[in-house]
2 protein chains.
Amino acid sequence: MTTTQAAPALGALHLNASSRFAHLAERHSATLQAAYEAVTTRKFYARWQESPSKKFYGETAAKDGEAAFKAALNKRFEALQQTGETHWHGEEHSPYGFALGVEYPVFAPAMLADRAGAAKHEWRSLSAADRALVLVEALERASALFFTLAYATQHTSGQGFGMAFQATGPHSFERALEVVVVGLAQQMQFADSHLWSKPSGGAALTVQKQFVVVPKGIGLVVGCSTFPIWNTLPGLFASLVTGNPVIVKPHPASVLPIAMVVASMQETLRDLGLNPHIVQFAADASAAPLTRLLAELPEVSLIDFTGGGFGDVIEEIAAKHGKIAFTEKAGVNAIVLESASDLSAALDNIARTLTLYSGQMCTTSQNLFVNRNGVRDAASGSTTSVADVGLMLKQKIDAIMSNPAMASGFAGAIQSEATHKRVEEASALASGSSASASSGASVSIVRASEPIPNAEFADARTASPLVLQADAAAHDIYEREWFGPISFIIPTESFDHSMELVLRSLKAKGALTTLVYTTDAAQRDQASDAIIYEGKAPVAFNYTGDIFVNQSAAYSDFHGAGANPAGTASFSDVAFVANRFNVIGVREVATH
Amino acid sequence: MTTTQAAPALGALHLNASSRFAHLAERHSATLQAAYEAVTTRKFYARWQESPSKKFYGETAAKDGEAAFKAALNKRFEALQQTGETHWHGEEHSPYGFALGVEYPVFAPAMLADRAGAAKHEWRSLSAADRALVLVEALERASALFFTLAYATQHTSGQGFGMAFQATGPHSFERALEVVVVGLAQQMQFADSHLWSKPSGGAALTVQKQFVVVPKGIGLVVGCSTFPIWNTLPGLFASLVTGNPVIVKPHPASVLPIAMVVASMQETLRDLGLNPHIVQFAADASAAPLTRLLAELPEVSLIDFTGGGFGDVIEEIAAKHGKIAFTEKAGVNAIVLESASDLSAALDNIARTLTLYSGQMCTTSQNLFVNRNGVRDAASGSTTSVADVGLMLKQKIDAIMSNPAMASGFAGAIQSEATHKRVEEASALASGSSASASSGASVSIVRASEPIPNAEFADARTASPLVLQADAAAHDIYEREWFGPISFIIPTESFDHSMELVLRSLKAKGALTTLVYTTDAAQRDQASDAIIYEGKAPVAFNYTGDIFVNQSAAYSDFHGAGANPAGTASFSDVAFVANRFNVIGVREVATH
């Protein structure tokens, strides 16, 4: 791997805002510059504080947010700048045990398309810089809702409060700001006009040229239930910064957080004298889904989708109708545990990765490939058997669970009944009564799942991590995605065998993360080359301490490779924005 | 349309070549910088002289080129660094009336895939800057062949010699250099490594990160018969600069020019100590085409295609198998003639556009929409009827044809028998014996096509421009692409009617060019917005003199919008390179 280029290749962003938005340029230019420097250098940057501390957000922020969340319950959500709904609907139920009772207006797809069409002229007529400034203004204003959004996210996704605050607030907003600057830079790559002059014998040939950013059309962003904001904002802001109005279709189980963000953005647009329908909200019901109808609208050119198997349908619709789809679908993430400089520290890290939000992250590891000859541990100088690795992992998870208050906050609740049932289904694999029996493969329980007592919410739907052991031959079992707190230890014949199984899985199912533990430099290079070039997935090595493979940092880590079967989107690479617009030329012979 | 950003937004390119290619950096850094400045500012730039003058290329260059071309005839083409062919095949016949008699090695697709696979590790391991330097070196060395390539292009495509020189030599090579710098800049957008450090209470969390450019796989570039080099180099160099080995599949009627370029590139690669199979040549026979087999190879991830209807097949293959296709297919280019500051000058320009290379450019206008109330001419102060516009256009084409030597050079020959027959078929539309009769629409001949006498090549296959007049209702006739020297004058009810018909055609068939003549500023803005935003095609206004709508300038004009049904490729926008690689992260906790 070559590292001949350590510094970013391209210079600073020269913003050139219109007089209409000069006040926004004054407010936000420094933010855009800092974010752009971060994405080019990939250094750490944060516009917002990730800690929900009173020190940063004030004495009453948490209480005010909770009050605002509670005030929204059991009534209609009426903050949108959209009218003409066909009916009202809501079906959200907190994984912590109560119905939210919020109803949302439901709009006909054709009306949404018409309104986006009516808003598109104004939005595309702004310069890229002006659009970026408007979007940063929208983020800044919506950031006042961080605590409210945290409660709304906790009680839809089931995330613990601390994670809900970070994931829905600062971390999501940083990703949004990231995509704004990546999209802005791409639109500013080329001059937007030039008086072209070609030497030609006598008089030069001169042509006045304009190079116009032409948005693809209308964007549709389809949200998911577990990260209603984090997975929605990148596509939303990518389509917006490149001039496309957007229709946001939330998952019916997790509507409130994104409804609040869309309402806030619509207010900002309105206050700036812009058409609020540049961003529209399109709730549906699980019994009457609108995703396919919206995706098939001829006006919709761009589709951002996060979720499971329906992503394949979205990709088919896109391929059939010449739309562009950015997807994040099911994937199967692997860990290879071959050798460690400190095995105990490695398993501490893995235990926390498996526990965080009860494994309901698209980045959580599922399969742990362990050399059956044992794991060499440089710290103890010994080799640990697969059985002992399993035992150590069980004990480390048990230790997390031994403090129920901390465990509840860390593991949160199980978002859906389907995931909760999946834990039972996976447990049953070990009983021999399920499909595993027919394939003749052996599955056993390393650590059983049990409820996590929650002192605050007695009815919370919870399940601590289930760890199974499966034969390497049981591809049909462990190569499926078992979304939730379910993981497999898979003994292998060798490091090469582990790598073979990882690559097989990457090619068939894709992944968002891969984690390899080895103290051998040659194995490290072998794994790195195989995973990034052949498996086309990101790879991390030897994680210990407070860095987790299921977390990615805005401005620095690309989330989703966009290169393997787990999805086509990468937050936020160039393709994630460049495919949302074209540059089209207008030429006129210059008069002399 | 806003023009708030006149200067390029991003700074200079900071090249950082490896020591291995330091000698190339010394030679070519200035070229890369100059080309990069040109693409960002869109200003005129030329690395190579477009005139085949002795002043630039030396006294004997033309004669040497002709001799080299003749020496290649009637024998096997043995200059490639590829062995193991299954057989030899050649079927090229000069449109000027003789068989080339050259035979090319034919290779099995599986062998081509294997060799590209063997070459890919070396190529992707180079930095983007090193790849760019190697490619500029390859262009510089191949540029010694400009005159040879000109003769080879003339006697495959049928282009006149002057055009063949420009189109295949300097103009193609500028497009190649353009895509090299666009691709290089995109790969250098982000730093390729960073020691990331996040403040975290006590000690910072630090992660060593690498961001690796991972090529999509193997590129396939499928050439066309009319522009065997010009339409091949952009995709070839775009895939190469982003790290993908490429297989070049020429059109069986126009093999020699690109065979010579590939052979030269393979020599350069070999001389630089690189695997020559980074670029491979894959000739086929029209009776045994390999395009589909090559496109369906699982190793092929990227397909560049120029041609007609088979482009739809390529796009289907790509959509089905998750490949990325950059296509340039059939399109129907329009002119709207509403009013002119100098109608005679406008028709001079149009006459030359229709005549150049006998209309065999994908950018040549086909349909001329003329307001039946007549064309207001500011120069004469009068209004000219549709009939008189037709007569004037006829006379101007006749004038070009009145000098057979000049006409031959300008119009060249007709590349294929199919195109020649198409002229007859189009002429027959006016007889009432063809499909036009059944649709009830009226077609009449404005100017009949006749052979263009060629003093040098008595057997040249030629046809001067056929101009027909068709009813606006005859969509089934004029909304088809009539590739070749065939155009239609279509009387319309009004300017709005003309625009309606243009947009209808753009949405159904797409286009590579649009040209509008109007002296009215409001009409100009109306046309510009409609054509670029709704029709998603480029537009030019009021062309007169020596600027032609069917010509585009490297570094400045985007060729093909990539946004309408005529194709997905645009030379060379960001999407044209950014979709050829992914950036994938490698992370490791930094040890303290």
# chains A, B, ... in the order shown; residues from 1 in each chain; ligands from 1
$ residues_around --residues "Phe581 (chain A)" --least-positions-apart "4" --cutoff "7 Å" --atoms "only C-alpha atoms" --output "PyMOL selection string"
chain A and resi 213-216+242
$ residues_around --residues "Ala463 (chain A)" --least-positions-apart "5" --cutoff "7 Å" --atoms "only C-alpha atoms" --output "ChimeraX atom specification"
/A:414,449-452
$ residues_around --residues "region 268-278 of chain B" --least-positions-apart "5" --cutoff "7 Å" --atoms "only C-alpha atoms" --output "count of residues only"
8
$ residues_around --residues "Tyr543 (chain B)" --least-positions-apart "2" --cutoff "10 Å" --atoms "only C-alpha atoms" --output "CSV table (one decimal) with N, CA, C and O atoms, in the first residue's frame"
chain,number,residue,atom,x,y,z
A,207,VAL,N,-16.0,32.2,-27.3
A,207,VAL,CA,-17.3,31.6,-27.0
A,207,VAL,C,-17.6,31.9,-25.5
A,207,VAL,O,-16.7,31.7,-24.6
A,587,ARG,N,-23.6,27.5,-24.5
A,587,ARG,CA,-22.5,28.2,-25.2
A,587,ARG,C,-23.1,29.3,-26.2
A,587,ARG,O,-24.2,29.0,-26.7
A,588,GLU,N,-22.4,30.3,-26.3
A,588,GLU,CA,-22.9,31.4,-27.3
A,588,GLU,C,-21.7,32.0,-27.9
A,588,GLU,O,-20.7,32.4,-27.1
A,589,VAL,N,-21.6,32.2,-29.2
A,589,VAL,CA,-20.5,32.9,-29.8
A,589,VAL,C,-20.5,34.3,-29.3
A,589,VAL,O,-21.5,35.0,-29.2
A,590,ALA,N,-19.3,34.7,-28.8
A,590,ALA,CA,-19.2,36.0,-28.2
A,590,ALA,C,-19.2,37.0,-29.3
A,590,ALA,O,-18.6,36.8,-30.4
B,340,ALA,N,-32.7,35.6,-36.3
B,340,ALA,CA,-31.3,35.6,-36.4
B,340,ALA,C,-30.8,37.0,-36.6
B,340,ALA,O,-31.5,37.8,-37.3
B,345,ALA,N,-25.6,34.2,-42.4
B,345,ALA,CA,-24.4,33.7,-41.6
B,345,ALA,C,-24.8,32.4,-40.8
B,345,ALA,O,-24.1,31.5,-40.7
B,346,ALA,N,-26.1,32.5,-40.3
B,346,ALA,CA,-26.5,31.3,-39.5
B,346,ALA,C,-26.6,30.1,-40.4
B,346,ALA,O,-26.2,29.0,-40.0
B,347,LEU,N,-27.2,30.3,-41.6
B,347,LEU,CA,-27.3,29.1,-42.5
B,347,LEU,C,-26.0,28.7,-43.1
B,347,LEU,O,-25.8,27.5,-43.4
B,348,ASP,N,-25.0,29.6,-43.2
B,348,ASP,CA,-23.7,29.2,-43.6
B,348,ASP,C,-23.1,28.2,-42.5
B,348,ASP,O,-22.6,27.1,-42.8
B,349,ASN,N,-23.3,28.6,-41.3
B,349,ASN,CA,-22.8,27.7,-40.2
B,349,ASN,C,-23.5,26.4,-40.2
B,349,ASN,O,-22.9,25.3,-40.0
B,350,ILE,N,-24.9,26.4,-40.3
B,350,ILE,CA,-25.6,25.2,-40.3
B,350,ILE,C,-25.2,24.3,-41.5
B,350,ILE,O,-25.0,23.0,-41.4
B,515,LEU,N,-29.0,23.5,-30.7
B,515,LEU,CA,-28.6,24.8,-31.2
B,515,LEU,C,-29.9,25.7,-31.4
B,515,LEU,O,-30.8,25.2,-32.1
B,516,VAL,N,-29.9,26.8,-30.9
B,516,VAL,CA,-31.1,27.7,-31.0
B,516,VAL,C,-30.6,29.0,-31.5
B,516,VAL,O,-29.6,29.6,-31.1
B,517,TYR,N,-31.4,29.5,-32.5
B,517,TYR,CA,-31.2,30.9,-33.1
B,517,TYR,C,-32.4,31.7,-32.7
B,517,TYR,O,-33.5,31.4,-33.1
B,540,ALA,N,-26.5,25.5,-27.4
B,540,ALA,CA,-25.7,26.6,-28.0
B,540,ALA,C,-26.6,27.6,-28.6
B,540,ALA,O,-27.7,27.2,-29.1
B,541,PHE,N,-26.2,28.9,-28.7
B,541,PHE,CA,-27.0,29.9,-29.2
B,541,PHE,C,-26.3,30.6,-30.3
B,541,PHE,O,-25.1,31.0,-30.2
B,545,GLY,N,-20.0,31.8,-38.1
B,545,GLY,CA,-18.5,31.8,-38.2
B,545,GLY,C,-18.0,30.4,-38.0
B,545,GLY,O,-18.6,29.4,-38.4
B,546,ASP,N,-16.8,30.3,-37.4
B,546,ASP,CA,-16.0,29.1,-37.4
B,546,ASP,C,-16.2,28.3,-36.1
B,546,ASP,O,-15.4,27.4,-35.8
B,547,ILE,N,-17.3,28.5,-35.4
B,547,ILE,CA,-17.6,27.7,-34.2
B,547,ILE,C,-18.8,26.9,-34.6
B,547,ILE,O,-19.8,27.4,-35.0
B,548,PHE,N,-18.7,25.5,-34.4
B,548,PHE,CA,-19.7,24.6,-34.9
B,548,PHE,C,-20.3,23.8,-33.7
B,548,PHE,O,-19.5,23.4,-32.8
B,549,VAL,N,-21.6,23.6,-33.7
B,549,VAL,CA,-22.2,22.9,-32.6
B,549,VAL,C,-21.8,21.5,-32.5
B,549,VAL,O,-21.8,20.9,-31.4
$ residues_around --residues "Ile247 (chain A)" --least-positions-apart "4" --cutoff "10 Å" --atoms "only C-alpha atoms" --output "MDAnalysis selection string"
chainID A and resid 109 112:113 115:116 218:222 236 262 277:283 294 300 303
$ residues_around --residues "His87 (chain B)" --least-positions-apart "6" --cutoff "12 Å" --atoms "only C-alpha atoms" --output "list in words"
Arg76, Glu103, Tyr104, Pro105, Val106, Phe107, Ala108, Ala282, Ala283, Asp284 and Ala285 of chain B
$ closest_residue --among "B:Ala566, B:Val583, B:Leu145, B:Ala334" --to "Ser365 (chain B)" --atoms "only C-alpha atoms"
B:Ala334
$ select_by_dssp --residues "region 388-580 of chain A" --states "alpha helix (DSSP H)" --output "PyMOL selection string"
chain A and resi 388-401+404-411+417-429+435-439+475-478+495-509+521-529+574-578
$ residues_around --residues "Ser157 (chain B)" --least-positions-apart "3" --cutoff "7 Å" --atoms "only C-alpha atoms" --output "list in words"
Thr153, Gln154, Ser225, Thr226, Phe227, Ser254 and Gln415 of chain B
$ write_last_selection --atoms "all heavy atoms" --output "PDB file, in the first residue's frame"
ATOM      1  N   THR B 153      -7.094   6.335 -39.518  1.00  0.00           N
ATOM      2  CA  THR B 153      -8.467   6.774 -39.196  1.00  0.00           C
ATOM      3  C   THR B 153      -9.224   7.150 -40.467  1.00  0.00           C
ATOM      4  O   THR B 153     -10.397   6.789 -40.647  1.00  0.00           O
ATOM      5  CB  THR B 153      -8.423   7.959 -38.215  1.00  0.00           C
ATOM      6  OG1 THR B 153      -7.783   7.531 -37.011  1.00  0.00           O
ATOM      7  CG2 THR B 153      -9.820   8.467 -37.902  1.00  0.00           C
ATOM      8  N   GLN B 154      -8.535   7.869 -41.349  1.00  0.00           N
ATOM      9  CA  GLN B 154      -9.188   8.224 -42.615  1.00  0.00           C
ATOM     10  C   GLN B 154      -9.699   6.973 -43.319  1.00  0.00           C
ATOM     11  O   GLN B 154     -10.841   6.954 -43.795  1.00  0.00           O
ATOM     12  CB  GLN B 154      -8.190   8.964 -43.522  1.00  0.00           C
ATOM     13  CG  GLN B 154      -8.769   9.304 -44.900  1.00  0.00           C
ATOM     14  CD  GLN B 154      -7.778  10.017 -45.810  1.00  0.00           C
ATOM     15  OE1 GLN B 154      -6.575  10.019 -45.544  1.00  0.00           O
ATOM     16  NE2 GLN B 154      -8.284  10.604 -46.885  1.00  0.00           N
ATOM     17  N   SER B 225     -17.113   2.783 -35.015  1.00  0.00           N
ATOM     18  CA  SER B 225     -16.448   2.775 -36.323  1.00  0.00           C
ATOM     19  C   SER B 225     -16.094   4.165 -36.821  1.00  0.00           C
ATOM     20  O   SER B 225     -15.172   4.320 -37.614  1.00  0.00           O
ATOM     21  CB  SER B 225     -17.358   2.082 -37.353  1.00  0.00           C
ATOM     22  OG  SER B 225     -18.595   2.770 -37.441  1.00  0.00           O
ATOM     23  N   THR B 226     -16.810   5.183 -36.358  1.00  0.00           N
ATOM     24  CA  THR B 226     -16.606   6.524 -36.921  1.00  0.00           C
ATOM     25  C   THR B 226     -15.530   7.329 -36.201  1.00  0.00           C
ATOM     26  O   THR B 226     -14.854   8.146 -36.815  1.00  0.00           O
ATOM     27  CB  THR B 226     -17.938   7.300 -36.890  1.00  0.00           C
ATOM     28  OG1 THR B 226     -18.539   7.115 -35.606  1.00  0.00           O
ATOM     29  CG2 THR B 226     -18.887   6.786 -37.966  1.00  0.00           C
ATOM     30  N   PHE B 227     -15.400   7.115 -34.914  1.00  0.00           N
ATOM     31  CA  PHE B 227     -14.352   7.800 -34.148  1.00  0.00           C
ATOM     32  C   PHE B 227     -13.605   6.771 -33.311  1.00  0.00           C
ATOM     33  O   PHE B 227     -13.764   6.718 -32.082  1.00  0.00           O
ATOM     34  CB  PHE B 227     -14.948   8.918 -33.281  1.00  0.00           C
ATOM     35  CG  PHE B 227     -15.393  10.097 -34.084  1.00  0.00           C
ATOM     36  CD1 PHE B 227     -16.680  10.189 -34.568  1.00  0.00           C
ATOM     37  CD2 PHE B 227     -14.482  11.113 -34.404  1.00  0.00           C
ATOM     38  CE1 PHE B 227     -17.078  11.269 -35.347  1.00  0.00           C
ATOM     39  CE2 PHE B 227     -14.869  12.191 -35.181  1.00  0.00           C
ATOM     40  CZ  PHE B 227     -16.175  12.281 -35.655  1.00  0.00           C
ATOM     41  N   SER B 254     -13.148  -0.568 -37.737  1.00  0.00           N
ATOM     42  CA  SER B 254     -12.163   0.498 -37.455  1.00  0.00           C
ATOM     43  C   SER B 254     -11.231   0.055 -36.344  1.00  0.00           C
ATOM     44  O   SER B 254     -11.326   0.517 -35.213  1.00  0.00           O
ATOM     45  CB  SER B 254     -12.878   1.797 -37.061  1.00  0.00           C
ATOM     46  OG  SER B 254     -13.614   2.339 -38.130  1.00  0.00           O
ATOM     47  N   GLN B 415     -18.853   6.002 -43.869  1.00  0.00           N
ATOM     48  CA  GLN B 415     -18.146   4.901 -43.217  1.00  0.00           C
ATOM     49  C   GLN B 415     -18.724   3.541 -43.584  1.00  0.00           C
ATOM     50  O   GLN B 415     -17.981   2.621 -43.941  1.00  0.00           O
ATOM     51  CB  GLN B 415     -18.177   5.099 -41.687  1.00  0.00           C
ATOM     52  CG  GLN B 415     -17.097   4.304 -40.938  1.00  0.00           C
ATOM     53  CD  GLN B 415     -17.434   2.837 -40.773  1.00  0.00           C
ATOM     54  OE1 GLN B 415     -18.588   2.469 -40.574  1.00  0.00           O
ATOM     55  NE2 GLN B 415     -16.426   1.976 -40.890  1.00  0.00           N
TER      56      GLN B 415
END
$ atom_distance --atom1 "CA of Gln208 (chain A)" --atom2 "CA of Trp196 (chain A)"
6.1 Å
$ select_by_dssp --residues "region 238-360 of chain A" --states "strand (DSSP E or B)" --output "list of chain:residue names"
A:Val246, A:Ile247, A:Val248, A:Lys249, A:Val279, A:Gln280, A:Phe281, A:Ala285, A:Ala288, A:Val300, A:Ser301, A:Leu302, A:Ile303, A:Asp304, A:Phe305, A:Thr306, A:Ile324, A:Ala325, A:Phe326, A:Thr327, A:Glu328, A:Ala334, A:Ile335, A:Val336, A:Leu337, A:Ser339, A:Ala340
$ atom_distance --atom1 "CA of Leu15 (chain A)" --atom2 "CA of Gln33 (chain B)"
22.7 Å
$ closest_residue --among "B:Gln366, B:Thr83, B:Ser200, B:Gln166" --to "chain A" --atoms "only C-alpha atoms"
B:Ser200
$ closest_residue --among "B:Phe21, B:Phe326, B:Phe211, B:Tyr357" --to "chain A" --atoms "only C-alpha atoms"
B:Phe211
